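What follows is a single structure, written as structure tokens, with notes after it.
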Amino acid sequence: MSATSADDSLARLLAEPALEVAPRLLGSVFWSGRVGVRLTEVEAYHGQGQDPGSHAHRGRSARNGSMFEDAGTLYVYLSYGIHRCVNIVCGPEGYASGVLLRAGEVVAGLDEARSRRTTSRSPADLARGPGRLGSALGIELGDDGSRLVDDAPGQEARFRLRLPSAPLGPVAAGPRVGVSGHAGGDAFPWRFSLEGDPTVSPYRAAVSRRRGGA
DNA sequence: TAGAAGATAGGA
DNA sequence: CCTATCTTCTAG
């Protein structure tokens with residue numbers, strides 16, 4: 001039995017551009033220790049100068065350094081000063097593209113996820129939205145730059161990914177959530193989700209901050 | 001050094 | 001619908 005074939009397929013997938021990788025991550029189970037989340041919603045972000053919505057658009061900075069690492073690195077950042085969001089870096093090394101994990105269904109470690117997400121009112125709420133997903137998985141800022149490996153028997157790494165073994169249902173594509181810099185809104189339909197899944201987060205346009213008026 | 005915006009969540 | 005929350009980035 002070859003234990004490396006599955007590992008190779010994950011590495012091969014993550015070497016592709018983010019726009020190819022993102023929809024193909026749907027249905028995978030992302031593991032953080034004993035908690036597993038089946039991904040139902042993701043977004044693709046491209047690299048420097050390619051994508052005005054990307055944290056890497058204006059080049060490398062203190063925050064986004066891990067986006068410039070090789071495929072399979074995790075990019076974790078603090079969102080709105082509160083939430084920890086997770087990306088899987090993909091594409092050619094140095095291209096700084098990645099896939100934001102936006103939502104999923106908790107399929108293992110339910111008690112642990114629940115204890116971290118005490119405000120959730122239903123199982124579908126546990127990881128519906130990128131901040132909630134990060135919280136349910138116990139992601140911390142110190143996890144930025146961690147490696148993601150294939151979830152194979154005997155694999156002891158904390159962060160693992162199991163690609164789907166069966167075909168998925170229909171995939172929906174649309175504009176990314178809360179991202180400005182879109183000319184008309186549909187210039188970057190790089191959000192992908194499993195159609196009709198209850199754990200997919202609702203769409204919201206980018207917030208325009210209005211404080212104290214004009 | 002200062003100001004504004006940001007890949008959100010939760011509550012009214 | 002509104003606001004808490006605070007880091008990061010950009011301009012001056």
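Here, A, B, ... name the chains of the structure tokens in the order displayed, residue numbers run from 1 inside each chain, and ligands are numbered from 1 in the same displayed order.
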
Could you give me, as a Markdown table, every chain A residue with an atom at most 12 Å from chain C, plus its closest atom pair and distance in Å to one decimal, counting only C-alpha atoms (C1' of nucleotides), rows ordered by chain then number?
```
| residue | atom | partner | partner_atom | distance |
| --- | --- | --- | --- | --- |
| A:His55 | CA | C:DT8 | C1' | 10.3 |
| A:Ala56 | CA | C:DC9 | C1' | 11.9 |
| A:Arg58 | CA | C:DC9 | C1' | 9.9 |
| A:Gly59 | CA | C:DC9 | C1' | 11.6 |
| A:Arg60 | CA | C:DC9 | C1' | 11.7 |
| A:Ser61 | CA | C:DC9 | C1' | 9.2 |
| A:Ala62 | CA | C:DT8 | C1' | 8.9 |
| A:Arg63 | CA | C:DT8 | C1' | 7.6 |
| A:Asn64 | CA | C:DT8 | C1' | 10.3 |
| A:Tyr77 | CA | C:DT7 | C1' | 9.7 |
| A:Leu78 | CA | C:DT7 | C1' | 7.3 |
| A:Ser79 | CA | C:DT7 | C1' | 8.2 |
| A:Tyr80 | CA | C:DT5 | C1' | 6.8 |
| A:Gly81 | CA | C:DC6 | C1' | 4.4 |
| A:Ile82 | CA | C:DT5 | C1' | 6.5 |
| A:His83 | CA | C:DT5 | C1' | 10.0 |
| A:Arg84 | CA | C:DT7 | C1' | 11.9 |
| A:Arg209 | CA | C:DT3 | C1' | 11.3 |
| A:Arg210 | CA | C:DC2 | C1' | 11.7 |
| A:Arg211 | CA | C:DT3 | C1' | 11.3 |
```

Compile the contact shell of Cys85 in chain A as a ChimeraX atom specification: residues with an atom at most 6 Å away, counting only C-alpha atoms (C1' of nucleotides), same-chain residues fewer than 6 positions apart removed.
/A:76-77,130-131,134

message = Could you tell me how far CA of Leu101 in chain A sits from C1' of DA12 in chain B, in Å to one decimal place?
response =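 Taking C1' of DA12 in chain B as the start and CA of Leu101 in chain A as the end point, the length is 29.3 Å.
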
Here CA of Thr199 in chain A and CA of Gly36 in chain A stand apart by 14.2 Å

**Q.** Counting only C-alpha atoms (C1' of nucleotides), chain B residues within 12 Å of chain A, as a ChimeraX atom specification
**A.** /B:4-11

Note to self: I need the residues of chain A that end up classed as alpha helix (DSSP H) by DSSP on the backbone, written out as number ranges by chain.
What the structure shows: A: 5-14, 18-25, 110-116, 130-136
